[in-house]
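Below: coords_10.csv (CSV, C-alpha atoms)
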chain,number,residue,atom,x,y,z
A,1,MET,CA,53.9,72.9,-43.3
A,2,GLU,CA,53.9,69.9,-41.0
A,3,VAL,CA,52.2,66.8,-42.2
A,4,ASP,CA,50.7,64.3,-39.7
A,5,THR,CA,52.7,61.0,-39.8
A,6,PRO,CA,50.5,58.4,-41.4
A,7,LYS,CA,50.0,54.9,-40.0
A,8,ILE,CA,52.6,52.7,-41.5
A,9,SER,CA,51.8,49.0,-42.0
A,10,SER,CA,55.2,47.4,-42.2
A,11,GLY,CA,55.2,44.7,-44.8
A,12,LEU,CA,51.7,45.7,-45.7
A,13,GLU,CA,50.5,43.6,-42.8
A,14,GLY,CA,46.8,43.8,-42.3
A,15,ILE,CA,46.2,45.6,-45.6
A,16,TYR,CA,43.7,44.3,-48.0
A,17,ILE,CA,44.6,44.9,-51.7
A,18,THR,CA,41.8,43.4,-53.6
A,19,ASN,CA,38.7,41.1,-53.6
A,20,SER,CA,39.4,37.6,-54.6
A,21,ASN,CA,37.4,34.3,-55.1
A,22,ILE,CA,40.5,32.1,-55.2
A,23,CYS,CA,41.7,31.3,-51.7
A,24,LYS,CA,40.6,31.7,-48.1
A,25,VAL,CA,43.1,31.4,-45.3
A,26,ASP,CA,41.7,31.3,-41.8
A,27,GLY,CA,44.8,31.9,-39.6
A,28,ILE,CA,42.9,31.8,-36.3
A,29,ASN,CA,41.2,28.4,-36.8
A,30,GLY,CA,43.9,26.9,-39.1
A,31,ARG,CA,41.7,26.4,-42.2
A,32,LEU,CA,42.4,26.7,-45.9
A,33,TRP,CA,40.2,26.6,-48.9
A,34,TYR,CA,40.8,26.8,-52.7
A,35,ARG,CA,37.8,28.2,-54.5
A,36,GLY,CA,35.6,27.1,-51.5
A,37,TYR,CA,37.0,23.6,-51.3
A,38,SER,CA,38.8,22.7,-48.1
A,39,ILE,CA,42.4,21.7,-48.4
A,40,GLU,CA,41.6,18.4,-46.6
A,41,ALA,CA,39.0,17.5,-49.2
A,42,LEU,CA,41.3,18.3,-52.1
A,43,ALA,CA,44.2,16.5,-50.5
A,44,GLU,CA,42.1,13.4,-50.0
A,45,ASN,CA,40.2,13.3,-53.2
A,46,SER,CA,41.8,15.5,-55.9
A,47,ASN,CA,45.1,15.7,-57.8
A,48,PHE,CA,47.3,18.5,-59.1
A,49,GLU,CA,45.9,18.6,-62.6
A,50,GLU,CA,42.3,19.0,-61.2
A,51,VAL,CA,43.4,21.6,-58.7
A,52,SER,CA,45.2,23.6,-61.3
A,53,TYR,CA,42.1,23.6,-63.5
A,54,LEU,CA,40.0,24.7,-60.4
A,55,LEU,CA,42.4,27.6,-59.7
A,56,ILE,CA,42.6,28.8,-63.4
A,57,TYR,CA,39.0,28.4,-64.4
A,58,GLY,CA,37.2,28.8,-61.0
A,59,ALA,CA,35.3,25.4,-60.9
A,60,LEU,CA,36.1,21.7,-60.9
A,61,PRO,CA,36.2,20.2,-64.4
A,62,ASP,CA,33.9,17.5,-65.7
A,63,ALA,CA,35.4,14.4,-67.3
A,64,GLU,CA,35.7,16.0,-70.8
A,65,GLN,CA,37.2,19.2,-69.5
A,66,MET,CA,39.7,17.3,-67.4
A,67,GLU,CA,40.8,15.2,-70.3
A,68,ALA,CA,41.3,18.3,-72.5
A,69,PHE,CA,43.2,20.1,-69.8
A,70,SER,CA,45.5,17.2,-69.1
A,71,LYS,CA,46.1,16.8,-72.8
A,72,LYS,CA,47.2,20.4,-73.0
A,73,LEU,CA,49.5,20.0,-70.0
A,74,LYS,CA,51.2,17.0,-71.8
A,75,GLN,CA,51.4,19.0,-75.0
A,76,TYR,CA,53.6,21.6,-73.4
A,77,ARG,CA,55.9,19.4,-71.4
A,78,GLU,CA,58.6,19.1,-74.1
A,79,LEU,CA,61.5,21.6,-73.7
A,80,SER,CA,62.8,23.5,-76.7
A,81,GLN,CA,66.5,23.4,-77.6
A,82,THR,CA,66.6,27.1,-76.5
A,83,THR,CA,65.5,26.1,-73.0
A,84,ILE,CA,67.8,23.1,-72.8
A,85,ASP,CA,70.8,25.3,-73.9
A,86,ILE,CA,70.0,27.8,-71.1
A,87,LEU,CA,69.9,25.1,-68.5
A,88,SER,CA,73.1,23.4,-69.8
A,89,ARG,CA,75.0,26.7,-69.6
A,90,MET,CA,73.7,27.6,-66.1
A,91,VAL,CA,73.5,24.4,-64.2
A,92,GLY,CA,76.5,24.2,-61.8
A,93,ARG,CA,77.2,27.9,-62.2
A,94,ALA,CA,74.1,29.5,-60.6
A,95,ASP,CA,71.5,28.8,-57.9
A,96,PRO,CA,68.7,26.6,-59.2
A,97,MET,CA,66.1,29.3,-58.6
A,98,ASP,CA,68.2,31.7,-60.8
A,99,ILE,CA,68.3,29.1,-63.5
A,100,LEU,CA,64.5,28.5,-63.3
A,101,ARG,CA,63.8,32.2,-63.3
A,102,THR,CA,66.0,32.8,-66.4
A,103,ALA,CA,64.6,29.8,-68.3
A,104,ILE,CA,61.0,31.0,-67.6
A,105,SER,CA,61.7,34.5,-68.7
A,106,ALA,CA,63.0,33.2,-72.0
A,107,LEU,CA,59.9,31.2,-72.9
A,108,PRO,CA,58.3,33.9,-75.0
A,109,ALA,CA,61.1,33.3,-77.6
A,110,ASP,CA,59.4,29.9,-78.4
A,111,ASP,CA,55.8,31.1,-78.2
A,112,LYS,CA,54.6,32.8,-81.4
A,113,ASP,CA,51.5,34.1,-79.5
A,114,ALA,CA,53.5,35.3,-76.4
A,115,TYR,CA,52.2,38.8,-76.6
A,116,GLU,CA,48.6,38.0,-77.6
A,117,ASN,CA,46.7,38.9,-74.4
A,118,SER,CA,43.1,37.7,-74.9
A,119,ASP,CA,41.5,35.7,-72.1
A,120,ASP,CA,41.9,32.5,-74.1
A,121,GLN,CA,45.6,33.2,-74.8
A,122,ASN,CA,46.3,34.0,-71.2
A,123,ALA,CA,44.6,30.8,-70.1
A,124,ARG,CA,46.7,28.9,-72.7
A,125,LYS,CA,49.9,30.5,-71.5
A,126,SER,CA,49.0,29.7,-67.9
A,127,ILE,CA,48.6,26.0,-68.8
A,128,MET,CA,51.9,26.2,-70.7
A,129,LEU,CA,53.7,27.7,-67.7
A,130,ILE,CA,52.3,25.0,-65.3
A,131,SER,CA,53.7,22.4,-67.6
A,132,LYS,CA,57.0,24.1,-68.4
A,133,VAL,CA,58.0,25.0,-64.8
A,134,ALA,CA,57.7,21.3,-63.9
A,135,SER,CA,59.7,20.1,-66.9
A,136,ILE,CA,62.4,22.7,-66.4
A,137,THR,CA,62.7,22.0,-62.6
A,138,ALA,CA,63.0,18.3,-63.2
A,139,THR,CA,65.7,18.9,-65.9
A,140,ILE,CA,67.6,21.2,-63.6
A,141,GLY,CA,67.7,18.5,-61.0
A,142,ARG,CA,68.7,15.9,-63.5
A,143,MET,CA,71.6,18.1,-64.8
A,144,LEU,CA,72.7,18.8,-61.3
A,145,ALA,CA,73.2,15.0,-61.0
A,146,GLY,CA,75.4,15.1,-64.1
A,147,LYS,CA,72.8,13.5,-66.4
A,148,THR,CA,71.2,14.5,-69.6
A,149,TYR,CA,67.7,15.7,-70.5
A,150,VAL,CA,64.9,13.1,-70.5
A,151,LYS,CA,61.9,13.7,-72.8
A,152,PRO,CA,58.5,13.6,-71.1
A,153,ASN,CA,56.4,10.5,-71.0
A,154,GLY,CA,52.9,11.2,-72.4
A,155,ASP,CA,51.4,8.1,-70.6
A,156,LEU,CA,52.1,9.6,-67.2
A,157,ASP,CA,50.2,12.2,-65.1
A,158,HIS,CA,51.8,15.5,-64.1
A,159,ALA,CA,53.4,14.4,-60.9
A,160,SER,CA,54.6,11.0,-62.2
A,161,ASN,CA,56.1,12.7,-65.3
A,162,PHE,CA,58.0,15.1,-63.1
A,163,LEU,CA,59.7,12.2,-61.3
A,164,TYR,CA,60.2,10.4,-64.6
A,165,MET,CA,62.0,13.4,-66.1
A,166,LEU,CA,64.0,13.9,-62.9
A,167,ASN,CA,65.1,10.3,-62.5
A,168,GLY,CA,64.8,8.7,-66.0
A,169,SER,CA,62.5,5.9,-64.8
A,170,LYS,CA,58.8,5.5,-64.0
A,171,PRO,CA,58.1,6.2,-60.3
A,172,ASN,CA,56.3,3.8,-58.0
A,173,GLU,CA,52.7,4.5,-57.0
A,174,ARG,CA,53.6,5.7,-53.5
A,175,ASP,CA,56.2,8.3,-54.7
A,176,SER,CA,53.8,9.6,-57.4
A,177,LYS,CA,51.0,10.0,-54.8
A,178,VAL,CA,53.3,11.8,-52.4
A,179,ILE,CA,54.7,14.3,-54.9
A,180,ASP,CA,51.2,14.9,-56.2
A,181,LEU,CA,50.0,15.6,-52.7
A,182,MET,CA,52.8,18.1,-52.0
A,183,LEU,CA,52.0,19.9,-55.2
A,184,VAL,CA,48.3,20.2,-54.2
A,185,LEU,CA,49.2,21.5,-50.7
A,186,HIS,CA,51.5,24.2,-52.1
A,187,ALA,CA,49.5,25.2,-55.2
A,188,GLU,CA,47.9,28.3,-53.6
A,189,HIS,CA,47.9,30.4,-50.5
A,190,ALA,CA,46.3,33.8,-51.1
A,191,THR,CA,48.4,37.0,-51.5
A,192,ASN,CA,51.7,35.7,-50.1
A,193,ALA,CA,54.9,37.5,-51.1
A,194,SER,CA,55.5,35.8,-54.4
A,195,THR,CA,51.8,36.0,-55.4
A,196,PHE,CA,51.7,39.7,-54.6
A,197,SER,CA,54.9,40.1,-56.6
A,198,ALA,CA,53.3,38.4,-59.6
A,199,MET,CA,50.2,40.6,-59.2
A,200,VAL,CA,52.3,43.8,-59.0
A,201,THR,CA,54.0,42.9,-62.3
A,202,GLY,CA,50.7,41.9,-63.8
A,203,SER,CA,49.2,45.2,-62.8
A,204,THR,CA,51.5,47.0,-65.2
A,205,LEU,CA,50.0,44.9,-68.0
A,206,ALA,CA,53.2,43.0,-68.5
A,207,ASP,CA,52.5,39.5,-69.8
A,208,ILE,CA,51.9,36.4,-67.7
A,209,TYR,CA,55.5,35.2,-68.4
A,210,ALA,CA,56.8,38.3,-66.7
A,211,ALA,CA,54.4,37.9,-63.8
A,212,VAL,CA,55.5,34.3,-63.1
A,213,THR,CA,59.1,35.3,-63.5
A,214,SER,CA,58.6,37.9,-60.7
A,215,GLY,CA,56.9,35.2,-58.6
A,216,ILE,CA,59.9,32.9,-59.0
A,217,ALA,CA,62.3,35.7,-58.1
A,218,THR,CA,60.4,36.5,-55.0
A,219,LEU,CA,60.1,32.8,-53.9
A,220,LYS,CA,63.9,32.6,-53.9
A,221,GLY,CA,64.1,34.4,-50.6
A,222,PRO,CA,64.7,32.2,-47.5
A,223,LEU,CA,61.9,33.9,-45.6
A,224,HIS,CA,59.4,32.7,-48.2
A,225,GLY,CA,60.4,29.7,-50.3
A,226,GLY,CA,63.5,28.3,-48.6
A,227,ALA,CA,62.1,27.5,-45.2
A,228,ASP,CA,61.7,23.7,-45.9
A,229,GLU,CA,65.4,23.5,-47.0
A,230,ASN,CA,66.5,25.4,-43.9
A,231,ALA,CA,64.3,23.3,-41.6
A,232,LEU,CA,65.9,20.1,-43.0
A,233,LYS,CA,69.4,21.6,-42.5
A,234,MET,CA,68.4,22.3,-38.9
A,235,MET,CA,67.4,18.7,-38.4
A,236,ARG,CA,70.8,17.7,-39.7
A,237,GLU,CA,72.5,20.0,-37.2
A,238,ILE,CA,70.4,18.5,-34.3
A,239,GLY,CA,71.8,15.1,-35.3
A,240,THR,CA,69.8,12.8,-33.0
A,241,PRO,CA,66.4,12.9,-31.3
A,242,ALA,CA,68.2,12.9,-27.9
A,243,ASN,CA,69.9,16.2,-28.8
A,244,THR,CA,66.6,18.0,-29.9
A,245,GLU,CA,65.7,19.5,-26.6
A,246,LYS,CA,69.1,21.0,-26.0
A,247,TYR,CA,69.3,22.4,-29.5
A,248,ILE,CA,65.9,24.1,-29.2
A,249,ASP,CA,66.5,25.4,-25.7
A,250,ASP,CA,69.9,26.9,-26.8
A,251,ALA,CA,68.3,28.3,-29.9
A,252,LEU,CA,65.5,29.9,-28.1
A,253,ALA,CA,67.8,31.3,-25.4
A,254,GLY,CA,69.9,32.9,-28.2
A,255,LYS,CA,66.7,34.1,-29.9
A,256,LYS,CA,67.6,32.1,-33.0
A,257,ARG,CA,64.7,31.3,-35.3
A,258,ILE,CA,63.5,27.7,-35.4
A,259,MET,CA,62.9,27.1,-39.1
A,260,GLY,CA,59.5,25.6,-40.0
A,261,PHE,CA,57.6,27.2,-37.1
A,262,GLY,CA,55.5,30.3,-37.1
A,263,HIS,CA,53.6,31.9,-39.9
A,264,ARG,CA,52.6,35.4,-40.8
A,265,VAL,CA,48.9,34.4,-41.0
A,266,TYR,CA,48.4,31.1,-39.1
A,267,LYS,CA,48.3,31.5,-35.3
A,268,THR,CA,47.6,27.9,-34.9
A,269,TYR,CA,48.6,24.6,-36.5
A,270,ASP,CA,49.0,25.0,-40.3
A,271,PRO,CA,46.4,22.6,-41.8
A,272,ARG,CA,48.9,21.6,-44.6
A,273,ALA,CA,51.5,20.6,-42.0
A,274,LYS,CA,49.0,18.3,-40.4
A,275,ILE,CA,48.4,16.5,-43.7
A,276,ILE,CA,52.2,16.2,-44.4
A,277,LYS,CA,52.9,15.0,-40.9
A,278,LYS,CA,50.3,12.2,-41.5
A,279,TYR,CA,52.3,10.9,-44.5
A,280,LEU,CA,55.5,11.2,-42.6
A,281,ILE,CA,54.5,9.1,-39.7
A,282,GLU,CA,52.6,6.5,-41.8
A,283,SER,CA,55.6,5.6,-44.0
A,284,GLU,CA,57.1,2.3,-43.2
A,285,ASP,CA,59.9,1.9,-45.8
A,286,TYR,CA,62.2,4.7,-44.6
A,287,SER,CA,66.0,4.3,-44.4
A,288,ASP,CA,67.7,4.7,-41.1
A,289,ASP,CA,68.6,8.2,-41.9
A,290,LEU,CA,65.0,9.2,-42.7
A,291,LYS,CA,63.7,7.5,-39.6
A,292,ASN,CA,66.2,9.5,-37.6
A,293,LEU,CA,65.1,12.8,-39.3
A,294,ALA,CA,61.4,11.9,-38.8
A,295,ALA,CA,62.1,11.2,-35.1
A,296,ILE,CA,63.9,14.6,-34.7
A,297,ALA,CA,61.0,16.4,-36.5
A,298,LEU,CA,58.4,14.8,-34.3
A,299,ARG,CA,60.3,15.5,-31.1
A,300,ALA,CA,61.0,19.1,-32.1
A,301,GLU,CA,57.3,19.5,-32.9
A,302,THR,CA,56.3,18.4,-29.4
A,303,LEU,CA,58.9,20.6,-27.7
A,304,MET,CA,58.0,23.7,-29.7
A,305,ILE,CA,54.3,23.4,-29.3
A,306,GLY,CA,54.9,23.1,-25.5
A,307,ARG,CA,57.1,26.1,-25.3
A,308,LEU,CA,55.6,28.5,-27.9
A,309,GLY,CA,52.5,27.1,-29.4
A,310,LYS,CA,49.7,28.0,-27.1
A,311,THR,CA,51.5,30.9,-25.5
A,312,HIS,CA,52.9,32.7,-28.5
A,313,GLY,CA,50.9,31.3,-31.4
A,314,ILE,CA,54.0,29.7,-33.0
A,315,TRP,CA,53.1,26.3,-34.5
A,316,PRO,CA,54.5,24.0,-37.3
A,317,ASN,CA,54.0,25.4,-40.8
A,318,VAL,CA,53.9,23.6,-44.1
A,319,ASP,CA,57.7,23.7,-44.5
A,320,PHE,CA,58.6,21.9,-41.3
A,321,PHE,CA,57.8,18.3,-42.3
A,322,SER,CA,58.3,18.8,-46.0
A,323,GLY,CA,62.1,18.2,-46.1
A,324,PRO,CA,62.0,14.5,-44.8
A,325,VAL,CA,59.0,13.8,-47.0
A,326,TYR,CA,60.8,15.1,-50.1
A,327,LEU,CA,63.9,13.1,-49.3
A,328,SER,CA,61.8,10.0,-48.9
A,329,ILE,CA,60.9,10.2,-52.6
A,330,GLY,CA,64.4,11.2,-53.8
A,331,ILE,CA,64.1,14.9,-54.2
A,332,PRO,CA,67.5,16.5,-53.6
A,333,LEU,CA,67.8,19.4,-51.2
A,334,GLU,CA,68.7,22.0,-53.9
A,335,LEU,CA,65.4,21.2,-55.7
A,336,PHE,CA,63.1,22.0,-52.7
A,337,THR,CA,62.4,25.6,-53.6
A,338,PRO,CA,62.1,25.1,-57.4
A,339,LEU,CA,59.6,22.4,-56.6
A,340,PHE,CA,57.7,25.0,-54.6
A,341,ALA,CA,57.5,27.0,-57.8
A,342,VAL,CA,56.2,24.0,-59.7
A,343,ALA,CA,53.3,23.8,-57.2
A,344,ARG,CA,52.6,27.5,-56.9
A,345,THR,CA,52.5,28.3,-60.6
A,346,PRO,CA,48.8,27.8,-61.0
A,347,GLY,CA,48.2,30.0,-58.0
A,348,TRP,CA,50.3,32.8,-59.4
A,349,CYS,CA,48.6,32.6,-62.8
A,350,ALA,CA,45.1,32.4,-61.2
A,351,HIS,CA,45.7,35.6,-59.2
A,352,VAL,CA,47.1,37.5,-62.2
A,353,LEU,CA,44.2,36.5,-64.4
A,354,GLU,CA,41.7,37.4,-61.8
A,355,TYR,CA,43.3,40.8,-61.0
A,356,TRP,CA,43.3,41.7,-64.7
A,357,LYS,CA,39.5,41.6,-64.7
A,358,ASN,CA,39.5,44.9,-62.7
A,359,ASN,CA,43.1,45.9,-63.1
A,360,ARG,CA,44.6,48.9,-61.4
A,361,LEU,CA,48.3,49.6,-61.3
A,362,PHE,CA,49.8,49.1,-57.8
A,363,ARG,CA,51.3,52.3,-56.6
A,364,PRO,CA,51.7,52.4,-52.8
A,365,LEU,CA,53.1,55.4,-51.0
A,366,ASP,CA,56.1,55.8,-48.7
A,367,PHE,CA,56.3,58.5,-46.1
A,368,TYR,CA,59.4,60.6,-46.7
A,369,THR,CA,61.4,61.3,-43.5
A,370,GLY,CA,64.6,62.8,-44.9
A,371,ALA,CA,65.8,66.4,-45.1
A,372,LEU,CA,64.6,68.9,-47.8
A,373,ASP,CA,66.2,71.8,-49.7
A,374,ILE,CA,69.8,70.8,-48.9
A,375,GLU,CA,72.2,73.2,-50.4
A,376,TYR,CA,73.9,71.8,-53.5
A,377,LYS,CA,77.7,72.1,-53.6
A,378,LYS,CA,79.9,71.5,-56.6
A,379,ILE,CA,82.1,68.4,-56.5
A,380,SER,CA,85.2,70.5,-56.0
A,381,GLU,CA,83.7,72.0,-52.8
A,382,ARG,CA,82.5,68.8,-51.1
Let's see the structure in the file written out as structure tokens.
Amino acid sequence: MEVDTPKISSGLEGIYITNSNICKVDGINGRLWYRGYSIEALAENSNFEEVSYLLIYGALPDAEQMEAFSKKLKQYRELSQTTIDILSRMVGRADPMDILRTAISALPADDKDAYENSDDQNARKSIMLISKVASITATIGRMLAGKTYVKPNGDLDHASNFLYMLNGSKPNERDSKVIDLMLVLHAEHATNASTFSAMVTGSTLADIYAAVTSGIATLKGPLHGGADENALKMMREIGTPANTEKYIDDALAGKKRIMGFGHRVYKTYDPRAKIIKKYLIESEDYSDDLKNLAAIALRAETLMIGRLGKTHGIWPNVDFFSGPVYLSIGIPLELFTPLFAVARTPGWCAHVLEYWKNNRLFRPLDFYTGALDIEYKKISER
């Protein structure tokens, strides 16, 4: 019996999988909201701790709630010897994202309530993960530089402590502000690949540690989490602002992808990229190298918008300007994608916690197009 070929939505494009109150992405008009708050308002007025609370609990905290939440984040910053040993064994031998994924998957060994899945316990574990992913990522970066683990500083906020654990010294106000901003801008973005991956794992009723591990594993792919790193590498290849036009024309002629441009959802300028660009062009204390990279980025932006923006809907995305900004505060290239995981952890956790309220195991279909009833032959007859 013949079966009509179903409509296939490659990559699940255009398919809605659930209702959500967490994030709204308006790809046509270039708008983004977390829990109803515009990304512009949050970037201007909030911080990563408050945004994390908003994503996990669904509302902005009052002063007492914010103090208690920040205290819990600080409580979980310290890394166990188990985690430090994992990092020590793997740094220099594996990709930083593989190291991060492995260390996160091992965290239940140090959590006596790891498999208690009440709402309160899952919220607690989410807070722990937000804290631990940051501490682990900073320690990976420190060990990559040949240095030893630095214990967290309880007097510092989340972003400042990340830089402290990475560099071993208190950061200046500007660097803390910039890293906090980048964390806020990357904290959430609806059901992107890594969030969907975390939700699929969560839908099996695996624990939140397993779900976040899945998110990290998915984020490793260059089509999702590695674009800022590749965009910066492209700027290095361009070399000088004067060479930008030739590089882009040659790349487009050869149908080579220009990293940091285009987005699966946004068909106009990514609102997060606008905010990052503002910080890029307003900085005055750049080295000559960073000034050169910034000039290349701005020149490439103008050229790409002119060639593909209005005609093809290909505009700068959040990754394009991120590389030079990260370099300006001393974040090494190999830490770009792990830092994305630091930012996105509250978003992953929020989506899993929300989905569990009306959980249904994800089980999509594929349409089989192969042969049937093939005659089996013994191995001696093949």
Problem - Long-range neighbours of Gly239 of chain A as number ranges by chain, 12 Å cut-off, all atoms listed in the file, 5 positions minimum in chain - result: A: 232-234, 244-247, 289-297, 300
Problem - Long-range neighbours of Gly226 of chain A as an MDAnalysis selection string, 8 Å cut-off, only C-alpha atoms, 6 positions minimum in chain - result: chainID A and resid 219:220 336:337
Practice task
List the neighbours of Arg77 of chain A out to 8 Å using all atoms listed in the file; skip same-chain residues closer than 2 positions along the sequence, and give me the result as a ChimeraX atom specification.
Solution key: /A:73-75,79,128,131-132,134-135,152
Practice task
Could you tell me how far atom CA of Ile84 of chain A lies from atom CA of Tyr209 of chain A, in Å and to one decimal?
Solution key: 17.8 Å
Fill in the blank from the handout: What separates atom CA of Glu78 of chain A and atom CA of Tyr115 of chain A is a distance of 20.9 Å
Exercise for the section: Using atom CA of Ala187 of chain A and atom CA of Gly202 of chain A as the two end points, give the distance in Å to one decimal. Expected result: 18.8 Å
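Minimum atom-to-atom distances from A:Thr345, A:Ser203, A:Thr139, A:Asn153 to Gly215 of chain A were compared using all atoms listed in the file, and the lowest value belongs to A:Thr345.
Every protein or nucleic acid residue with an atom no more than 8 Å from segment 262-267 of chain A, counting all atoms listed in the file and leaving out same-chain residues fewer than 2 positions away, appears here: Val25, Asp26, Gly27, Ile28, Asn29, Gly30, Gly260, Tyr269, Asp270, Gly313, Ile314, Trp315, Pro316 and Asn317 of chain A.
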Fill in the blank from the handout: Min atom-atom distance to Tyr34 of chain A from the set A:Pro96, A:Gly14, A:Gly154, A:Gly58, counting only C-alpha atoms, belongs to A:Gly58
Leu303 of chain A: which residues within 9 Å, counting all atoms listed in the file, same-chain residues fewer than 4 positions away excluded, as a PDB file with C-alpha atoms, keeping the file's coordinate frame?
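Saved the output as part_37.pdb:
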ATOM      1  CA  THR A 244      66.600  18.000 -29.900  1.00  0.00           C
ATOM      2  CA  GLU A 245      65.700  19.500 -26.600  1.00  0.00           C
ATOM      3  CA  ILE A 248      65.900  24.100 -29.200  1.00  0.00           C
ATOM      4  CA  LEU A 298      58.400  14.800 -34.300  1.00  0.00           C
ATOM      5  CA  ARG A 299      60.300  15.500 -31.100  1.00  0.00           C
ATOM      6  CA  ARG A 307      57.100  26.100 -25.300  1.00  0.00           C
ATOM      7  CA  LEU A 308      55.600  28.500 -27.900  1.00  0.00           C
TER       8      LEU A 308
END
Practice task
Please return, as a ChimeraX atom specification, all polymer residues that have at least one atom within 12 Å of the point (54.5, 41.3, -67.5); use only C-alpha atoms and the file's own coordinate frame.
Solution key: /A:105,108,114-115,117,122,197-215,349,352-353,356
